[in-house]
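Chemist: Quick one: the structure is below, and I'll ask about it shortly.
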Protein chains: 2
Amino acid sequence: MQYTFASRMENTPRSFIREILKVTQKPEIISFAGGLPNPELFPVQELAATAEKVIAEEGTAALQYATTEGHPPLRQWIADRYKKRLGIEISPNEILITNGSQQCLDLIGKIFINKGSNVAIERPGYLGAIQAFSMYEPNFSTISLTSEGPDINELERVLTRDKPCFFYGVPNSQNPSGITWSRENRKAVAETLERFSTIFVEDDAYGELKFRGKQMPSIKELIPDLTVMTGSFSKIIAPGMRMGWICAPKQILEQAVTVKQGTDLHSNILSQRIISRFLADFPVDAHISRISEAYSNQCDCMLSAIKAEFPEGVTCTRPDGGMFIWATLPEGYSSMELFERAIKQDVAILPGIPFYTDGGGLDTVRLNFSNSTPERIEEGIYRLGQVLKEYLKETPNHHAA
Amino acid sequence: MQYTFASRMENTPRSFIREILKVTQKPEIISFAGGLPNPELFPVQELAATAEKVIAEEGTAALQYATTEGHPPLRQWIADRYKKRLGIEISPNEILITNGSQQCLDLIGKIFINKGSNVAIERPGYLGAIQAFSMYEPNFSTISLTSEGPDINELERVLTRDKPCFFYGVPNSQNPSGITWSRENRKAVAETLERFSTIFVEDDAYGELKFRGKQMPSIKELIPDLTVMTGSFSKIIAPGMRMGWICAPKQILEQAVTVKQGTDLHSNILSQRIISRFLADFPVDAHISRISEAYSNQCDCMLSAIKAEFPEGVTCTRPDGGMFIWATLPEGYSSMELFERAIKQDVAILPGIPFYTDGGGLDTVRLNFSNSTPERIEEGIYRLGQVLKEYLKETPNHHAA
């Protein structure tokens with residue numbers, strides 16, 4: 001049977017990561033390829049008790065259809081948290097509960113992107129965002145990510161030339177690069193966007209997982225009317241319940257609510273109530289600190305191992321939060337070749353290729369540290385170091401561009 | 001601040017139902033306007049115990065990221081159920097778990113609809129489908145719903161003239177009309193679609209809630225390669241967890257999985273496991289029979305009251321399942337006027353207008369019987385009868401077209 005699909009399906013091949021992850025799921029493989037949080041830090045017993053209590057005590061309200069906007073106490077908690085963590089004033093009415101922050105990206109794409117619209121993203125950019133936005137058939141304009149954040153000259157050039165419907169970025173501990181935009185860079189980005197009245201989509205999935213350095217101002221604080229923030233409980237509680245949120249100026253939020261309703265009516269109310277109750281009943285700051293400390297240790301363990309084991313010429317970022325380190329091979333070496341060689345030693349890495357919408361990045365590698373124990377990180381990086389040394393020795397020249 | 005939204009936002013006004021329901025939420029109002037299942041039939045205690053058990057026993061697997069396709073035992077249960085209830089052979093690999101069946105409609109729209117594509121729907125058609133598909137900017141071709149099902153001549157004309165990318169319909173106890181397509185009509189629809197190689201989207205939200213008459217063959221049974229079915233746990237367990245599924249030929253399912261991944265990665269795994277465990281641990285057939293019996297009583301109660309209280313000239317459908325009765329006023333009378341008059345007597349009805357994409361239906365009314373007790377149904381229909389009598393007496397002629 002031959003079926004005819006919409007034109008957007010030509011642009012959405014089955015995820016590259018998905019196919020790679022299939023290869024890497026054997027238990028003997030030490031995988032730095034995925035992007036899973038550390039399940040040992042999930043508050044399992046607390047959630048089991050909370051789930052039982054929510055259904056038994058809140059009864060049918062936890063199981064019936066609910067409002068599209070989301071559970072009011074949960075929206076209030078999120079607003080209060082913004083005040084406490086970032087010092088910004090958000091009304092609960094500016095918050096919509098979504099199915100994880102991935103759904104934020106789909107809803108934002110739906111609201112803003114026409115076929116052929118331009119969308120500005122970092123280079124490298126978050127793959128999940130590229131996948132979500134691609135379904136609305138935009139053209140991507142990329143802005144190089146420096147160690148300080150997006151290149152401001154490129155941003156200005158893109159805004160002038162392409163008039164993108166928005167600029168999407170991850171200022172805190174970016175996925176894939178682990179880079180956090182500097183204070184000066186944030187100000188320059190905000191000023192530039194304001195000058196062009198261009199919306200910023202601020203993906204803050206990792207903001208709570210900052211384990212060193214000072215709290216930076218969010219872009220939302222600098223240009224509130226032009227910023228749509230996305231947030232997630234996936235990294236601070238657990239991802240399986242798919243709970244995230246959009247925080248946006250009222251006019252934009254109303255559009256998000258309209259499309260959310262047509263998309264799936266509302267987010268799982270049982271899980272909204274479980275999370276809301278969990279946040280009320282347990283010491284959340286202590287819980288989040290525990291996760292940040294663990295990730296800090298896992299990150300430092302990987303950085304030390306890299307320093308000890310990787311050959312000269314391979315460079316790495318030094319994240320101040322999040323779950324990823326970004327490595328760059330010497331010019332002309334291939335991350336796909338490294339993947340093939342490493343998997344034979346039962347170590348998996350993620351080639352950086354799918355994070356580039358306009359080609360390039362063939363020498364980049366994403367390494368996840370949140371989902372491996374220090375022992376496995378040390379062993380995995382040791383093996384990867386051996387593979388790298390061999391690869392760089394064997395083929396010193398013919399890969400050069 | 002002036003924001004620029006995508007062109008699709010011009011076609012998706014905030015739901016008509018949503019705005020009406022706001023007016024009708026005061027507790028003193030007897031509302032037949034909504035579409036909620038009866039919460040007294042939710043298995044609250046069983047779900048509370050199951051939720052606690054799932055998290056405590058299945059641990060981090062119930063809280064971590066999961067596969068896009070869905071929890072394997074749940075997909076197996078759905079496949080087995082199709083075999084048992086409808087006698088059709090479905091592989092679990094042909095099933096994708098979604099956020100309620102509303103998300104099926106969004107994913108199907110995403111897969112098939114280009115801007116300007118034609119989509120065929122019943123007239124009147126399900127509002128949630130109209131809302132979901134509208135976001136992909138199709139033109140709707142409508143096919144009149146007779147008491148036997150879609151008008152076959154119109155279907156043939158639409159398939160010839162408009163070449164729709166699919167025909168969407170609800171053969172069992174349709175929302176809004178309560179009509180179930182006859183056996184002969186189903187065969188004719190299937191034959192016609194097969195002749196034109198046109199896909200049928202078979203929304204089976206109410207198939208399990210059949211309380212009289214024989215089981216009809218599903219269109220899936222008649223033209224399996226051309227049929228995409230959607231199903232839901234909202235009506236047989238509880239809607240708040242937003243759990244539904246798509247059942248489609250493998251090639252189509254693969255596309256649905258791809259877009260689901262970009263849309264929200266996967267459905268809530270905790271709720272998938274709760275439902276799966278509930279289905280394994282409790283007698284599901286007895287539970288569903290209990291719901292069907294209750295709805296049968298509520299439906300019959302409303303039909304009897306209508307017979308006793310409504311003036312001559314108002315006609316009603318006699319559903320064999322589902323949650324709705326469909327009333328038609330004498331020619332020239334307005335359901336919006338009836339809504340305004342009834343709300344003053346603290347009774348809410350839903351004017352049928354939004355179920356028509358091409359205008360018309362101004363004299364139609366949807367009445368929900370699943371979410372009111374027999375006492376409130378009797379009292380509400382009594383008041384509505386009084387309002388109708390007065391309306392039909394006061395303005396006997398000037399409303400005529």
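The way I read the labels, and the way they are meant: chains A, B, ... in the order of the structure tokens, residue 1 as the first residue of every chain, and ligand 1 as the first ligand shown, with later ones counted on from there.
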I need the residues of stretch 27-107 of chain B that end up classed as alpha helix (DSSP H) by DSSP on the backbone, written out as number ranges by chain.

Modeler: B: 44-58, 72-86, 100-107

Chemist: Mind checking which residues fall within 7 Å of B:Pro374, counting only C-alpha atoms, ignoring those fewer than 3 positions away in the same chain, and posting them as a list of chain:residue names?

Modeler: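 Non-adjacent residues within range: B:Gln298, B:Cys301, B:Ile377, B:Glu378.
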
Chemist: I'd like the contact shell of stretch 342-345 of chain A - 9 Å cut-off, only C-alpha atoms, skipping same-chain residues fewer than 5 positions apart - returned as JSON, numbers by chain.

Modeler: {"A": [23, 24, 29, 337, 383, 384, 387, 388]}

Chemist: Restricting the output to N, CA and C atoms, write the selected residues as a CSV table (one decimal), in the first residue's frame.

Modeler:
chain,number,residue,atom,x,y,z
A,23,VAL,N,21.5,1.3,19.2
A,23,VAL,CA,22.7,0.6,19.2
A,23,VAL,C,23.3,0.5,20.6
A,24,THR,N,23.0,1.5,21.4
A,24,THR,CA,23.8,1.7,22.7
A,24,THR,C,23.1,1.2,23.9
A,29,ILE,N,27.3,-1.8,27.5
A,29,ILE,CA,27.8,-0.6,26.9
A,29,ILE,C,27.8,0.6,28.0
A,337,GLU,N,33.3,8.5,12.8
A,337,GLU,CA,34.4,7.4,12.9
A,337,GLU,C,34.7,7.1,14.3
A,383,ARG,N,38.6,4.2,28.3
A,383,ARG,CA,38.5,3.5,27.0
A,383,ARG,C,38.5,4.5,25.8
A,384,LEU,N,37.7,5.5,26.0
A,384,LEU,CA,37.5,6.5,24.9
A,384,LEU,C,38.9,7.2,24.6
A,387,VAL,N,40.9,4.8,22.5
A,387,VAL,CA,40.4,4.9,21.2
A,387,VAL,C,40.9,6.1,20.4
A,388,LEU,N,40.8,7.3,21.1
A,388,LEU,CA,41.1,8.5,20.5
A,388,LEU,C,42.6,8.6,20.2

Chemist: Taking only C-alpha atoms into account, find every residue of chain B that has an atom no more than 6 Å from chain A, and write it out as a count of residues only.

Modeler: 34

Chemist: Among stretch 237-338 of chain A, which ones does DSSP assign to strand (DSSP E or B) (computed from the backbone)? Answer as number ranges by chain.

Modeler: A: 243-247, 315-316, 321, 324-328

Chemist: Now that the selection is made, can you save its residues with C-alpha atoms as a JSON list (two decimals), in the first residue's frame?

Modeler:
[["chain", "number", "residue", "atom", "x", "y", "z"],
["A", 243, "MET", "CA", 5.48, 17.84, 33.04],
["A", 244, "GLY", "CA", 6.72, 21.18, 31.82],
["A", 245, "TRP", "CA", 5.40, 24.69, 31.31],
["A", 246, "ILE", "CA", 5.36, 27.75, 29.09],
["A", 247, "CYS", "CA", 5.69, 31.17, 30.74],
["A", 315, "THR", "CA", 39.12, 20.29, 23.45],
["A", 316, "CYS", "CA", 36.20, 20.24, 25.91],
["A", 321, "GLY", "CA", 25.41, 22.99, 35.22],
["A", 324, "PHE", "CA", 26.54, 17.56, 29.03],
["A", 325, "ILE", "CA", 30.18, 18.17, 28.09],
["A", 326, "TRP", "CA", 30.99, 19.08, 24.48],
["A", 327, "ALA", "CA", 34.20, 17.88, 22.89],
["A", 328, "THR", "CA", 35.80, 18.97, 19.64]]

Chemist: Which residue, B:Ile219, B:Leu338, B:Leu350, B:Leu96, has the smallest gap to B:Gly385 when you use only C-alpha atoms?

Modeler: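 The shortest atom-to-atom distance to B:Gly385 comes from B:Leu338.
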
Chemist: Between atom CA of A:Gly359 and atom CA of A:Gly116, what is the spacing in Å?

Modeler: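 We find that atom CA of A:Gly116 and atom CA of A:Gly359 lie 19.0 Å from each other.
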
Chemist: Quick one: everything within 8 Å of A:Leu303, counting only C-alpha atoms, minus sequence neighbours fewer than 4 positions away in the same chain. Send it as a list of chain:residue names.

Modeler: A:Cys299, A:Lys307, A:Arg318

Chemist: What does the structure give for the distance between atom CA of A:Thr142 and atom CA of A:Tyr168, in Å to one decimal?

Modeler: 10.0 Å

Chemist: Excluding A:Asn93 and residues on its chain fewer than 2 positions from it, collect all residues at most 10 Å away from it, counting only C-alpha atoms, and give them as a PDB file with N, CA, C and O atoms, in the first residue's frame.

Modeler:
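Result file follows (around-v4.pdb):
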ATOM      1  N   GLU A  69      -5.339  25.312  30.930  1.00  0.00           N
ATOM      2  CA  GLU A  69      -4.228  26.101  31.485  1.00  0.00           C
ATOM      3  C   GLU A  69      -3.391  25.323  32.488  1.00  0.00           C
ATOM      4  O   GLU A  69      -2.183  25.524  32.563  1.00  0.00           O
ATOM      5  N   GLY A  70      -4.040  24.457  33.259  1.00  0.00           N
ATOM      6  CA  GLY A  70      -3.308  23.682  34.246  1.00  0.00           C
ATOM      7  C   GLY A  70      -3.814  23.901  35.658  1.00  0.00           C
ATOM      8  O   GLY A  70      -4.630  24.796  35.919  1.00  0.00           O
ATOM      9  N   PRO A  72      -4.212  25.185  39.165  1.00  0.00           N
ATOM     10  CA  PRO A  72      -3.824  26.493  39.710  1.00  0.00           C
ATOM     11  C   PRO A  72      -2.702  26.477  40.753  1.00  0.00           C
ATOM     12  O   PRO A  72      -1.783  27.302  40.659  1.00  0.00           O
ATOM     13  N   ARG A  75       0.621  26.180  38.958  1.00  0.00           N
ATOM     14  CA  ARG A  75       0.983  27.410  38.248  1.00  0.00           C
ATOM     15  C   ARG A  75       1.481  28.462  39.254  1.00  0.00           C
ATOM     16  O   ARG A  75       2.412  29.210  38.985  1.00  0.00           O
ATOM     17  N   GLN A  76       0.838  28.475  40.428  1.00  0.00           N
ATOM     18  CA  GLN A  76       1.263  29.421  41.469  1.00  0.00           C
ATOM     19  C   GLN A  76       2.675  29.086  41.956  1.00  0.00           C
ATOM     20  O   GLN A  76       3.503  29.983  42.146  1.00  0.00           O
ATOM     21  N   ALA A  79       5.202  30.313  39.468  1.00  0.00           N
ATOM     22  CA  ALA A  79       5.341  31.773  39.532  1.00  0.00           C
ATOM     23  C   ALA A  79       6.181  32.173  40.753  1.00  0.00           C
ATOM     24  O   ALA A  79       7.104  32.994  40.662  1.00  0.00           O
ATOM     25  N   ILE A  90       6.133  37.079  37.910  1.00  0.00           N
ATOM     26  CA  ILE A  90       5.324  36.391  36.900  1.00  0.00           C
ATOM     27  C   ILE A  90       3.960  36.126  37.523  1.00  0.00           C
ATOM     28  O   ILE A  90       3.876  35.727  38.690  1.00  0.00           O
ATOM     29  N   SER A  91       2.899  36.340  36.776  1.00  0.00           N
ATOM     30  CA  SER A  91       1.570  35.981  37.274  1.00  0.00           C
ATOM     31  C   SER A  91       1.302  34.509  36.922  1.00  0.00           C
ATOM     32  O   SER A  91       1.705  34.045  35.857  1.00  0.00           O
ATOM     33  N   ILE A  95       1.199  31.325  32.914  1.00  0.00           N
ATOM     34  CA  ILE A  95       1.804  29.988  32.880  1.00  0.00           C
ATOM     35  C   ILE A  95       0.805  28.944  32.380  1.00  0.00           C
ATOM     36  O   ILE A  95      -0.346  28.918  32.802  1.00  0.00           O
ATOM     37  N   LEU A  96       1.268  28.118  31.465  1.00  0.00           N
ATOM     38  CA  LEU A  96       0.470  27.011  30.912  1.00  0.00           C
ATOM     39  C   LEU A  96       1.241  25.718  31.150  1.00  0.00           C
ATOM     40  O   LEU A  96       2.420  25.620  30.783  1.00  0.00           O
ATOM     41  N   CYS A 247       5.930  29.912  30.038  1.00  0.00           N
ATOM     42  CA  CYS A 247       5.685  31.172  30.742  1.00  0.00           C
ATOM     43  C   CYS A 247       5.803  32.263  29.683  1.00  0.00           C
ATOM     44  O   CYS A 247       6.880  32.450  29.110  1.00  0.00           O
ATOM     45  N   ALA A 248       4.704  32.945  29.401  1.00  0.00           N
ATOM     46  CA  ALA A 248       4.706  33.896  28.285  1.00  0.00           C
ATOM     47  C   ALA A 248       3.806  35.086  28.580  1.00  0.00           C
ATOM     48  O   ALA A 248       2.878  34.987  29.391  1.00  0.00           O
ATOM     49  N   PRO A 249       4.086  36.232  27.922  1.00  0.00           N
ATOM     50  CA  PRO A 249       3.174  37.379  28.050  1.00  0.00           C
ATOM     51  C   PRO A 249       1.751  36.933  27.716  1.00  0.00           C
ATOM     52  O   PRO A 249       1.551  36.033  26.891  1.00  0.00           O
ATOM     53  N   LYS A 250       0.782  37.574  28.362  1.00  0.00           N
ATOM     54  CA  LYS A 250      -0.600  37.103  28.322  1.00  0.00           C
ATOM     55  C   LYS A 250      -1.135  36.844  26.907  1.00  0.00           C
ATOM     56  O   LYS A 250      -1.758  35.819  26.655  1.00  0.00           O
ATOM     57  N   LEU A 253       0.364  33.715  25.673  1.00  0.00           N
ATOM     58  CA  LEU A 253      -0.130  32.560  26.423  1.00  0.00           C
ATOM     59  C   LEU A 253      -1.529  32.160  25.985  1.00  0.00           C
ATOM     60  O   LEU A 253      -1.852  30.973  25.881  1.00  0.00           O
ATOM     61  N   GLU A 254      -2.357  33.151  25.693  1.00  0.00           N
ATOM     62  CA  GLU A 254      -3.718  32.840  25.223  1.00  0.00           C
ATOM     63  C   GLU A 254      -3.691  32.015  23.936  1.00  0.00           C
ATOM     64  O   GLU A 254      -4.483  31.097  23.760  1.00  0.00           O
TER      65      GLU A 254
END

Chemist: Please compute the atom CA of A:Met229-atom CA of A:Gly125 distance, one decimal, in Å.

Modeler: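 Going from atom CA of A:Met229 over to atom CA of A:Gly125, I get 16.5 Å.
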